[in-house]
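> Before I ask anything, here is the structure I am working with.
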Amino acid sequence: MNTFPAEMMWLWPGLGTLAASAAGSFGIAQPQPVRERWVGSLLALAITLVAAAITVRWLRLGHGPFFNMFEILMSSVFSLGTIYSIAFWRMRAIRPTAPIVLALLLVMSLWLVMVPPADTHFVPTYDTAVLWFHLLFGKLFLGCTVIADGMAGAILLRARWARMFKQLPADGALERLAWHFMRFALVFETLMLIAGAVWAQDAWGRYWAWDPLETWAFVTWLTLAGAMHARASFSLSARRSAILILLVFALAFLTFFGVPFVSVAPHKGAV
Amino acid sequence: MKRALLFLASPTLMLWGFAVLGVWALASAELTDVAAWTLAIPLGGLTLNLLAAMVTHPRLRSEPALLAFHASLLALLALAAWGRLFHLEGRVELLTGAPFAADAVDIVRAGPLHRRAFQNVQFDQRGFTVDYAPGVNRSRTHSRVLRARAAEVVREDQPLVIDGYRFYVTHNKGYAPVLTWTPVGGSPVTGAIHMPSYPLFDWKQENRWQPPQGPDVQLWLHLDTPLRKDKAWRLDSDSIDAVLTVNANDHRVDLQPGESLTLAAGTLRFDELRGWIGYKVFYDPTLPWLFVCACLAALSLAAHAFGVGLRGSVKLAGNIVGRPA
């Protein structure tokens with residue numbers, strides 16, 4: 001095994017830049033366009049450096065970052081950072097949620113630093129175009145959930161730190177915007193499950209087998225669908241609604257990172 | 001009647017149904033003895049709930065995309081249930097150079113209405129290759145078959161599909177010495193003895209065989225080329241060189257292909273060494289329809305979310321810019 005893989009030369013500066021972006025984001029309490037631009041630019045630079053690290057590793061191993069915890073975390077920091085970065089630049093109103101989302105990305109980055117960057121072997125069942133759709137939809141699902149999670153977190157936290165999130169819209173408007181993203185998240189998770197079933201049928205001869213990752217992804221889908229129905233059927237307060245979003249996010253996080261953490265492969269037993 | 005419908009359509013009942021289904025899913029993943037039929041309880045309840053909601057809930061009927069999504073979900077449930085009645089899951093080990101033998105299929109699960117039409121499936125197994133990366137990491141498998149006089153290749157991403165039966169290559173494969181036992185004054189009997197999977201059981205290439213009216217024979221296979229763990233290599237069923245150690249009636253000899261062992265009761269001949277490869281067999285007539293329904297569900301959900309939702313979010317985002325709490 002390579003003890004200091006070449007991609008670390010790009011990854012560590014990338015994660016350092018992300019940490020700087022996260023630290024800077026805590027100052028977006030006041031309307032400061034210059035600071036916002038700095039935070040956004042640092043985030044974009046961090047994503048670019050992590051993308052370079054992924055590219056170097058990809059060229060070195062000959063396959064994408066699909067297999068072990070190091071690769072899953074690295075690709076997720078990149079994809080979630082990219083999706084949030086787009087939302088950050090496109091929707092100025094949600095920029096004050098950056099401390100929450102970037103703190104989350106920072107936690108993932110710290111986890112990534114602690115995981116051994118072991119080389120992986122490309123297994124033949126992953127050599128299919130369907131995998132790309134499965135991954136793309138999965139990343140978009142988690143990205144939408146993370147954006148909504150930032151808004152939900154702000155709704156809950158501003159009872160205590162009102163000054164920090166005072167630039168954000170009122171709770172009701174923020175909650176509605178967060179649920180728009182959750183609605184998109186449901187679409188992407190549905191597509192992820194379909195693409196995953198097509199892949200599983202071709203790769204392992206079954207479209208569904210209740211393996212741990214399938215099960216938790218399905219439970220997350222059920223929880224998200226249930227939360228949307230609950231919100232539509234009962235008059236929930238913005239805070240309760242925000243708690244539902246955080247619950248879905250917690251399940252999604254457990255599915256994407258908890259199950260691979262305890263399994264020998266993302267789909268345990270089905271390599 | 002209306003009161004019963006309203007009760008059935010209640011969102012509280014639906015949420016309980018979701019909760020029970022979620023618990024079932026987690027239990028089935030963690031416990032091995034959860035009966036599959038118990039899944040019908042939460043799914044049946046949710047189906048009734050959805051049907052009642054479609055009748056009583058005006059919003060569900062007034063939004064075509066939302067209605068199409070829920071109708072697609074119902075169709076998916078119905079198709080999945082229908083598929084379970086007719087499905088089959090099995091496995092089979094095929095000898096290179098031999099035809100597919102339906103009797104050799106080990107059925108793992110089969111629906112009560114499955115008609116076992118795989119008895120009519122015909123193809124011949126030819127050789128196979130498996131590439132290995134350093135560290136005995138399995139890469140591509142290419143299994144050649146002959147079907148209606150046409151050659152086909154079965155790979156990890158390309159099953160062999162005949163009459164709806166799908167044959168998937170597995171990691172399971174190995175060597176099979178072909179032996180002929182000729183008893184004194186009797187007719188010869190030929191058998192292929194599948195050795196344990198290779199290279200998984202590289203250290204244990206042994207088996208036993210007792211031909212009709214013959215002795216109990218112990219077999220050990222010694223490959224001429226030892227397993228390469230540190231470099232890339234290819235397992236090729238068509239180019240295998242090995243020595244077969246045979247122990248029968250306390251006579252222990254090493255045989256090359258074509259050599260024989262003569263005993264008091266007859267002669268045991270090591271004809272040749274072939275390969276065997278394992279397939280997973282899968283049959284579900286609803287597969288293409290499940291895919292169509294799943295796509296319809298996703299499309300209608302997307303139409304609902306991106307149509308109504310996107311317009312709403314853009315409007316909302318535009319409205320809330322510069323209007324802090």
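Letters for chains follow the order of the structure tokens (A, B, ...), residue numbers begin at 1 for each chain, and ligand numbers begin at 1 in the order shown.
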How close does chain A get to chain B? List, as JSON lines, each residue of chain A within 8 Å, its nearest atom pair and the distance in Å to one decimal, counting only C-alpha atoms.


{"residue": "A:Met91", "atom": "CA", "partner": "B:Ala317", "partner_atom": "CA", "distance": 7.0}
{"residue": "A:Arg92", "atom": "CA", "partner": "B:Val321", "partner_atom": "CA", "distance": 6.9}
{"residue": "A:Ala93", "atom": "CA", "partner": "B:Val321", "partner_atom": "CA", "distance": 5.1}
{"residue": "A:His121", "atom": "CA", "partner": "B:Asn137", "partner_atom": "CA", "distance": 7.0}
{"residue": "A:Phe122", "atom": "CA", "partner": "B:Ser139", "partner_atom": "CA", "distance": 7.4}
{"residue": "A:Val123", "atom": "CA", "partner": "B:Ser139", "partner_atom": "CA", "distance": 5.8}
{"residue": "A:Pro124", "atom": "CA", "partner": "B:Ser139", "partner_atom": "CA", "distance": 5.3}
{"residue": "A:Thr125", "atom": "CA", "partner": "B:Glu156", "partner_atom": "CA", "distance": 5.9}
{"residue": "A:Asp127", "atom": "CA", "partner": "B:Asp157", "partner_atom": "CA", "distance": 7.6}
{"residue": "A:Thr128", "atom": "CA", "partner": "B:Asp157", "partner_atom": "CA", "distance": 7.0}
{"residue": "A:Lys166", "atom": "CA", "partner": "B:Ala325", "partner_atom": "CA", "distance": 6.1}
{"residue": "A:Gln167", "atom": "CA", "partner": "B:Pro324", "partner_atom": "CA", "distance": 4.9}
{"residue": "A:Leu168", "atom": "CA", "partner": "B:Pro324", "partner_atom": "CA", "distance": 5.2}
{"residue": "A:Pro169", "atom": "CA", "partner": "B:Pro324", "partner_atom": "CA", "distance": 4.4}
{"residue": "A:Ala170", "atom": "CA", "partner": "B:Ala325", "partner_atom": "CA", "distance": 4.1}
{"residue": "A:Asp171", "atom": "CA", "partner": "B:Ala325", "partner_atom": "CA", "distance": 7.5}
{"residue": "A:Ala173", "atom": "CA", "partner": "B:Leu316", "partner_atom": "CA", "distance": 7.3}
{"residue": "A:Leu177", "atom": "CA", "partner": "B:Ser313", "partner_atom": "CA", "distance": 6.0}
{"residue": "A:His180", "atom": "CA", "partner": "B:Gly309", "partner_atom": "CA", "distance": 5.8}
{"residue": "A:Arg183", "atom": "CA", "partner": "B:Ala305", "partner_atom": "CA", "distance": 5.9}
{"residue": "A:Phe184", "atom": "CA", "partner": "B:Ala305", "partner_atom": "CA", "distance": 6.1}
{"residue": "A:Val187", "atom": "CA", "partner": "B:Ala302", "partner_atom": "CA", "distance": 5.7}
{"residue": "A:Thr190", "atom": "CA", "partner": "B:Ala298", "partner_atom": "CA", "distance": 6.3}
{"residue": "A:Leu191", "atom": "CA", "partner": "B:Ala298", "partner_atom": "CA", "distance": 6.2}
{"residue": "A:Ile194", "atom": "CA", "partner": "B:Ala294", "partner_atom": "CA", "distance": 6.7}
{"residue": "A:Asp202", "atom": "CA", "partner": "B:Asp157", "partner_atom": "CA", "distance": 5.4}
{"residue": "A:Ala203", "atom": "CA", "partner": "B:Asp157", "partner_atom": "CA", "distance": 5.7}
{"residue": "A:Trp204", "atom": "CA", "partner": "B:Tyr168", "partner_atom": "CA", "distance": 7.4}
{"residue": "A:Gly205", "atom": "CA", "partner": "B:Tyr168", "partner_atom": "CA", "distance": 6.2}
{"residue": "A:Arg206", "atom": "CA", "partner": "B:Phe282", "partner_atom": "CA", "distance": 7.6}
{"residue": "A:Trp210", "atom": "CA", "partner": "B:Ala29", "partner_atom": "CA", "distance": 5.7}
{"residue": "A:Asp211", "atom": "CA", "partner": "B:Ala29", "partner_atom": "CA", "distance": 6.2}
{"residue": "A:Pro212", "atom": "CA", "partner": "B:Ala29", "partner_atom": "CA", "distance": 6.2}
{"residue": "A:Thr215", "atom": "CA", "partner": "B:Ala25", "partner_atom": "CA", "distance": 6.1}
{"residue": "A:Trp216", "atom": "CA", "partner": "B:Leu26", "partner_atom": "CA", "distance": 7.5}
{"residue": "A:Phe218", "atom": "CA", "partner": "B:Gly22", "partner_atom": "CA", "distance": 7.9}
{"residue": "A:Val219", "atom": "CA", "partner": "B:Gly22", "partner_atom": "CA", "distance": 5.4}
{"residue": "A:Leu222", "atom": "CA", "partner": "B:Phe18", "partner_atom": "CA", "distance": 6.3}
{"residue": "A:Thr223", "atom": "CA", "partner": "B:Phe18", "partner_atom": "CA", "distance": 7.6}
{"residue": "A:Gly226", "atom": "CA", "partner": "B:Leu15", "partner_atom": "CA", "distance": 6.0}
{"residue": "A:His229", "atom": "CA", "partner": "B:Pro11", "partner_atom": "CA", "distance": 7.3}
{"residue": "A:Ala230", "atom": "CA", "partner": "B:Pro11", "partner_atom": "CA", "distance": 7.3}
{"residue": "A:Ser233", "atom": "CA", "partner": "B:Pro11", "partner_atom": "CA", "distance": 6.6}

> Limited to N, CA and C atoms, could you put the picked residues into a file as a CSV table (one decimal), in the first residue's frame?


chain,number,residue,atom,x,y,z
A,91,MET,N,-28.6,31.5,-4.5
A,91,MET,CA,-29.7,31.9,-3.6
A,91,MET,C,-29.1,32.7,-2.4
A,92,ARG,N,-29.0,33.9,-2.6
A,92,ARG,CA,-28.3,34.7,-1.6
A,92,ARG,C,-29.0,34.7,-0.2
A,93,ALA,N,-30.3,34.5,-0.3
A,93,ALA,CA,-31.1,34.5,1.0
A,93,ALA,C,-30.6,33.4,1.9
A,121,HIS,N,-9.5,-2.0,-5.0
A,121,HIS,CA,-9.5,-2.8,-6.3
A,121,HIS,C,-10.9,-2.6,-6.9
A,122,PHE,N,-10.9,-2.4,-8.2
A,122,PHE,CA,-12.1,-2.2,-8.9
A,122,PHE,C,-12.8,-3.5,-9.2
A,123,VAL,N,-14.0,-3.7,-8.7
A,123,VAL,CA,-14.7,-5.0,-8.9
A,123,VAL,C,-15.5,-4.9,-10.1
A,124,PRO,N,-15.6,-6.0,-10.9
A,124,PRO,CA,-16.3,-6.0,-12.2
A,124,PRO,C,-17.7,-5.6,-12.2
A,125,THR,N,-18.4,-5.8,-11.1
A,125,THR,CA,-19.9,-5.5,-11.0
A,125,THR,C,-20.1,-4.0,-11.0
A,127,ASP,N,-18.6,-2.0,-13.1
A,127,ASP,CA,-18.2,-1.5,-14.4
A,127,ASP,C,-19.5,-1.4,-15.3
A,128,THR,N,-20.3,-0.5,-14.9
A,128,THR,CA,-21.6,-0.3,-15.7
A,128,THR,C,-22.0,1.2,-15.7
A,166,LYS,N,-30.1,36.3,11.8
A,166,LYS,CA,-31.1,37.3,11.6
A,166,LYS,C,-31.3,37.7,10.2
A,167,GLN,N,-30.3,37.5,9.3
A,167,GLN,CA,-30.4,37.8,7.9
A,167,GLN,C,-31.3,36.9,7.1
A,168,LEU,N,-31.5,35.7,7.7
A,168,LEU,CA,-32.4,34.7,7.0
A,168,LEU,C,-33.8,35.2,7.0
A,169,PRO,N,-34.6,34.6,6.1
A,169,PRO,CA,-36.1,34.9,6.1
A,169,PRO,C,-36.7,34.4,7.4
A,170,ALA,N,-38.0,34.8,7.5
A,170,ALA,CA,-38.7,34.4,8.7
A,170,ALA,C,-38.9,32.8,8.7
A,171,ASP,N,-39.2,32.3,9.8
A,171,ASP,CA,-39.2,30.8,10.0
A,171,ASP,C,-40.2,30.2,8.9
A,173,ALA,N,-41.3,31.2,6.0
A,173,ALA,CA,-40.8,31.2,4.6
A,173,ALA,C,-39.6,30.3,4.4
A,177,LEU,N,-39.2,26.9,2.0
A,177,LEU,CA,-38.1,26.8,1.1
A,177,LEU,C,-37.4,25.5,1.3
A,180,HIS,N,-39.2,22.6,-0.2
A,180,HIS,CA,-39.0,22.5,-1.6
A,180,HIS,C,-37.8,21.7,-1.9
A,183,ARG,N,-38.6,18.1,-1.3
A,183,ARG,CA,-39.4,17.5,-2.3
A,183,ARG,C,-38.4,17.0,-3.5
A,184,PHE,N,-37.5,17.9,-3.8
A,184,PHE,CA,-36.5,17.5,-4.9
A,184,PHE,C,-35.7,16.2,-4.4
A,187,VAL,N,-37.5,13.1,-5.0
A,187,VAL,CA,-37.4,12.7,-6.4
A,187,VAL,C,-36.1,12.0,-6.7
A,190,THR,N,-35.8,8.6,-5.1
A,190,THR,CA,-36.6,7.6,-5.8
A,190,THR,C,-35.8,7.2,-7.1
A,191,LEU,N,-35.2,8.1,-7.8
A,191,LEU,CA,-34.4,7.8,-8.9
A,191,LEU,C,-33.2,7.0,-8.6
A,194,ILE,N,-34.3,3.4,-8.0
A,194,ILE,CA,-34.6,2.7,-9.3
A,194,ILE,C,-33.3,2.3,-10.0
A,202,ASP,N,-28.6,-6.4,-12.8
A,202,ASP,CA,-27.5,-6.8,-13.7
A,202,ASP,C,-26.3,-7.4,-13.0
A,203,ALA,N,-26.0,-6.8,-11.9
A,203,ALA,CA,-24.7,-7.1,-11.2
A,203,ALA,C,-24.8,-8.4,-10.4
A,204,TRP,N,-25.9,-8.6,-9.7
A,204,TRP,CA,-26.0,-9.7,-8.7
A,204,TRP,C,-27.3,-10.5,-8.9
A,205,GLY,N,-28.0,-10.3,-10.0
A,205,GLY,CA,-29.1,-11.2,-10.4
A,205,GLY,C,-30.3,-11.0,-9.4
A,206,ARG,N,-30.5,-9.9,-8.8
A,206,ARG,CA,-31.7,-9.6,-8.0
A,206,ARG,C,-31.8,-8.1,-8.0
A,210,TRP,N,-32.8,-6.5,0.3
A,210,TRP,CA,-32.8,-6.1,1.7
A,210,TRP,C,-31.4,-6.2,2.3
A,211,ASP,N,-30.4,-5.8,1.5
A,211,ASP,CA,-29.1,-5.8,2.1
A,211,ASP,C,-29.0,-4.5,2.9
A,212,PRO,N,-28.1,-4.3,3.9
A,212,PRO,CA,-28.1,-3.2,4.8
A,212,PRO,C,-28.3,-1.8,4.1
A,215,THR,N,-31.8,-1.5,2.6
A,215,THR,CA,-32.8,-1.4,3.7
A,215,THR,C,-32.8,0.0,4.3
A,216,TRP,N,-31.6,0.6,4.6
A,216,TRP,CA,-31.6,1.9,5.2
A,216,TRP,C,-32.0,3.0,4.2
A,218,PHE,N,-34.2,2.5,1.9
A,218,PHE,CA,-35.6,2.4,1.8
A,218,PHE,C,-36.3,3.1,3.0
A,219,VAL,N,-35.7,2.8,4.2
A,219,VAL,CA,-36.2,3.4,5.4
A,219,VAL,C,-36.1,4.9,5.4
A,222,LEU,N,-38.9,6.1,3.1
A,222,LEU,CA,-40.2,6.0,3.8
A,222,LEU,C,-40.3,7.2,4.8
A,223,THR,N,-39.2,7.5,5.5
A,223,THR,CA,-39.3,8.5,6.5
A,223,THR,C,-39.5,9.9,5.8
A,226,GLY,N,-43.0,9.9,4.6
A,226,GLY,CA,-43.9,10.1,5.7
A,226,GLY,C,-43.9,11.5,6.3
A,229,HIS,N,-45.9,13.8,4.0
A,229,HIS,CA,-47.3,13.6,4.3
A,229,HIS,C,-47.7,14.2,5.6
A,230,ALA,N,-46.9,14.0,6.6
A,230,ALA,CA,-47.2,14.6,8.0
A,230,ALA,C,-47.3,16.1,7.9
A,233,SER,N,-50.5,17.0,6.1
A,233,SER,CA,-51.7,16.6,6.7
A,233,SER,C,-52.0,17.3,8.1

> Hey, what's within 8 Å of segment 119-126 of chain B if we count only C-alpha atoms and toss same-chain stuff fewer than 6 positions away? As a list in words, please?

Leu94, Leu95, Thr96, Gly97, Ala98, Pro99, Phe100, Ala102, Asp103, Ser143, Arg144, Val145, Leu146, Arg147, Ala148, Ile162 and Asp163 of chain B

> Could you check how far atom CA of Leu136 of chain A sits from atom CA of Pro285 of chain B, in Å to one decimal?

29.0 Å

> Hey, which bits of segment 77-171 of chain A sit within 12 Å of segment 258-262 of chain A, and for each residue what's the closest pair of atoms and how far apart in Å (one decimal), counting only C-alpha atoms, rows by chain and increasing number, as a tab-separated table?


residue	atom	partner	partner_atom	distance
A:Met108	CA	A:Gly258	CA	12.0
A:Trp111	CA	A:Phe261	CA	11.1
A:Leu112	CA	A:Phe261	CA	11.8
A:Val115	CA	A:Phe261	CA	10.3

> Export, as an mmCIF file, in the first residue's frame, the selected residues with all heavy atoms.


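Ended up saving to part.cif:
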data_model
loop_
_atom_site.group_PDB
_atom_site.id
_atom_site.type_symbol
_atom_site.label_atom_id
_atom_site.label_comp_id
_atom_site.auth_asym_id
_atom_site.auth_seq_id
_atom_site.Cartn_x
_atom_site.Cartn_y
_atom_site.Cartn_z
ATOM 1 N N MET A 108 -17.096 15.999 8.253
ATOM 2 C CA MET A 108 -16.790 14.931 7.289
ATOM 3 C C MET A 108 -15.318 14.972 6.880
ATOM 4 O O MET A 108 -14.683 13.933 6.684
ATOM 5 C CB MET A 108 -17.692 15.076 6.061
ATOM 6 C CG MET A 108 -19.143 14.742 6.357
ATOM 7 S SD MET A 108 -20.244 15.140 4.982
ATOM 8 C CE MET A 108 -19.618 14.040 3.734
ATOM 9 N N TRP A 111 -13.230 13.484 9.617
ATOM 10 C CA TRP A 111 -13.388 12.030 9.523
ATOM 11 C C TRP A 111 -12.487 11.494 8.392
ATOM 12 O O TRP A 111 -11.785 10.499 8.547
ATOM 13 C CB TRP A 111 -14.864 11.709 9.264
ATOM 14 C CG TRP A 111 -15.221 10.253 9.353
ATOM 15 C CD1 TRP A 111 -14.378 9.203 9.629
ATOM 16 C CD2 TRP A 111 -16.517 9.683 9.160
ATOM 17 N NE1 TRP A 111 -15.073 8.018 9.614
ATOM 18 C CE2 TRP A 111 -16.386 8.287 9.328
ATOM 19 C CE3 TRP A 111 -17.770 10.208 8.862
ATOM 20 C CZ2 TRP A 111 -17.466 7.416 9.196
ATOM 21 C CZ3 TRP A 111 -18.848 9.331 8.739
ATOM 22 C CH2 TRP A 111 -18.697 7.962 8.906
ATOM 23 N N LEU A 112 -12.517 12.200 7.272
ATOM 24 C CA LEU A 112 -11.732 11.794 6.104
ATOM 25 C C LEU A 112 -10.239 11.765 6.427
ATOM 26 O O LEU A 112 -9.515 10.851 6.010
ATOM 27 C CB LEU A 112 -12.021 12.775 4.951
ATOM 28 C CG LEU A 112 -11.221 12.639 3.658
ATOM 29 C CD1 LEU A 112 -11.372 11.248 3.077
ATOM 30 C CD2 LEU A 112 -11.699 13.671 2.646
ATOM 31 N N VAL A 115 -9.308 8.590 8.278
ATOM 32 C CA VAL A 115 -9.511 7.295 7.628
ATOM 33 C C VAL A 115 -8.269 6.955 6.800
ATOM 34 O O VAL A 115 -7.752 7.817 6.088
ATOM 35 C CB VAL A 115 -10.747 7.365 6.703
ATOM 36 C CG1 VAL A 115 -10.856 6.118 5.850
ATOM 37 C CG2 VAL A 115 -11.999 7.538 7.534
#

> For segment 76-84 of chain B, work out the shell of residues within 6 Å, counting only C-alpha atoms and skipping chain neighbours fewer than 3 positions away, then give it as a list in words.

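That gives Leu73, His87, Gly111, Asp284 and Thr286 of chain B.
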
> Tell me which of A:Ala44, A:Leu193, A:Ala232, A:Ala19 sits closest to Leu104 of chain A, counting only C-alpha atoms.

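When distances to Leu104 of chain A are compared using only C-alpha atoms, the smallest one comes from A:Ala19.
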
> As a PDB file with N, CA and C atoms, in the first residue's frame, please: the residues near Ile86 of chain A (cut-off 12 Å, only C-alpha atoms, same-chain neighbours under 4 positions excluded).


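The new file selection.pdb reads:
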ATOM      1  N   GLY A  40     -17.605  32.092  -0.169  1.00  0.00           N
ATOM      2  CA  GLY A  40     -17.983  31.354  -1.381  1.00  0.00           C
ATOM      3  C   GLY A  40     -16.777  30.996  -2.226  1.00  0.00           C
ATOM      4  N   SER A  41     -15.838  31.940  -2.334  1.00  0.00           N
ATOM      5  CA  SER A  41     -14.650  31.699  -3.157  1.00  0.00           C
ATOM      6  C   SER A  41     -13.756  30.638  -2.521  1.00  0.00           C
ATOM      7  N   LEU A  43     -14.743  28.279  -0.582  1.00  0.00           N
ATOM      8  CA  LEU A  43     -15.446  27.003  -0.754  1.00  0.00           C
ATOM      9  C   LEU A  43     -15.203  26.462  -2.167  1.00  0.00           C
ATOM     10  N   ALA A  44     -15.292  27.348  -3.164  1.00  0.00           N
ATOM     11  CA  ALA A  44     -15.054  26.927  -4.552  1.00  0.00           C
ATOM     12  C   ALA A  44     -13.628  26.421  -4.724  1.00  0.00           C
ATOM     13  N   ILE A  47     -13.300  22.978  -3.120  1.00  0.00           N
ATOM     14  CA  ILE A  47     -13.904  21.938  -3.974  1.00  0.00           C
ATOM     15  C   ILE A  47     -12.965  21.601  -5.130  1.00  0.00           C
ATOM     16  N   SER A  79     -18.930  16.364  -3.695  1.00  0.00           N
ATOM     17  CA  SER A  79     -20.266  16.529  -4.285  1.00  0.00           C
ATOM     18  C   SER A  79     -21.154  17.427  -3.422  1.00  0.00           C
ATOM     19  N   LEU A  80     -21.126  17.225  -2.102  1.00  0.00           N
ATOM     20  CA  LEU A  80     -21.963  18.063  -1.233  1.00  0.00           C
ATOM     21  C   LEU A  80     -21.471  19.510  -1.242  1.00  0.00           C
ATOM     22  N   GLY A  81     -20.145  19.668  -1.258  1.00  0.00           N
ATOM     23  CA  GLY A  81     -19.587  21.023  -1.342  1.00  0.00           C
ATOM     24  C   GLY A  81     -19.995  21.706  -2.638  1.00  0.00           C
ATOM     25  N   THR A  82     -19.970  20.959  -3.735  1.00  0.00           N
ATOM     26  CA  THR A  82     -20.341  21.537  -5.038  1.00  0.00           C
ATOM     27  C   THR A  82     -21.812  21.938  -5.048  1.00  0.00           C
ATOM     28  N   ARG A  90     -26.302  30.943  -5.981  1.00  0.00           N
ATOM     29  CA  ARG A  90     -27.558  31.221  -6.689  1.00  0.00           C
ATOM     30  C   ARG A  90     -28.617  31.837  -5.773  1.00  0.00           C
ATOM     31  N   MET A  91     -28.625  31.472  -4.498  1.00  0.00           N
ATOM     32  CA  MET A  91     -29.690  31.916  -3.584  1.00  0.00           C
ATOM     33  C   MET A  91     -29.074  32.665  -2.409  1.00  0.00           C
ATOM     34  N   ARG A  92     -28.985  33.943  -2.580  1.00  0.00           N
ATOM     35  CA  ARG A  92     -28.297  34.736  -1.569  1.00  0.00           C
ATOM     36  C   ARG A  92     -28.994  34.655  -0.200  1.00  0.00           C
ATOM     37  N   ILE A  94     -30.097  32.266   1.407  1.00  0.00           N
ATOM     38  CA  ILE A  94     -29.755  31.151   2.318  1.00  0.00           C
ATOM     39  C   ILE A  94     -28.286  31.168   2.728  1.00  0.00           C
ATOM     40  N   ARG A  95     -27.540  32.184   2.325  1.00  0.00           N
ATOM     41  CA  ARG A  95     -26.108  32.211   2.665  1.00  0.00           C
ATOM     42  C   ARG A  95     -25.838  32.150   4.171  1.00  0.00           C
ATOM     43  N   LEU A 140     -27.213  13.948  -5.540  1.00  0.00           N
ATOM     44  CA  LEU A 140     -28.188  15.049  -5.621  1.00  0.00           C
ATOM     45  C   LEU A 140     -29.183  14.968  -4.467  1.00  0.00           C
ATOM     46  N   GLY A 143     -27.372  16.100  -1.410  1.00  0.00           N
ATOM     47  CA  GLY A 143     -27.102  17.537  -1.539  1.00  0.00           C
ATOM     48  C   GLY A 143     -28.332  18.367  -1.198  1.00  0.00           C
ATOM     49  N   CYS A 144     -29.485  17.970  -1.746  1.00  0.00           N
ATOM     50  CA  CYS A 144     -30.732  18.695  -1.441  1.00  0.00           C
ATOM     51  C   CYS A 144     -31.044  18.610   0.049  1.00  0.00           C
ATOM     52  N   ILE A 147     -28.814  20.996   2.028  1.00  0.00           N
ATOM     53  CA  ILE A 147     -29.250  22.402   1.920  1.00  0.00           C
ATOM     54  C   ILE A 147     -30.457  22.638   2.847  1.00  0.00           C
TER      55      ILE A 147
END

> Quick one: residues within 10 Å of Ala51 of chain A, only C-alpha atoms, excluding same-chain residues fewer than 6 positions away - as a VMD selection string?

chain A and resid 7 10 to 11 14 45 57 74 to 75 77 to 79 82

> Could you give me, as a VMD selection string, the residues within 8 Å of Thr182 of chain B, counting only C-alpha atoms and dropping anything in the same chain fewer than 6 positions from it?

chain B and resid 188 to 189 266 to 268

> DSSP says alpha helix (DSSP H) for which residues of segment 13-160 of chain B? Put them as a VMD selection string?

chain B and resid 13 to 30 40 to 56 58 to 62 64 to 86

> Would you please work out which residue, of B:Pro177, B:Pro215, B:Leu296, B:Ile193, is nearest to Phe270 of chain B when using only C-alpha atoms?

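Among B:Pro177, B:Pro215, B:Leu296, B:Ile193, it is B:Pro177 that comes nearest to Phe270 of chain B.
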
> Need the shell around Val56 of chain A: protein/DNA/RNA residues with any atom at most 8 Å away, counting only C-alpha atoms. Skip same-chain ones fewer than 4 positions apart. Format as a list in words?

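Here the answer would be Ala6, Glu7, Ala52 and Arg60 of chain A.
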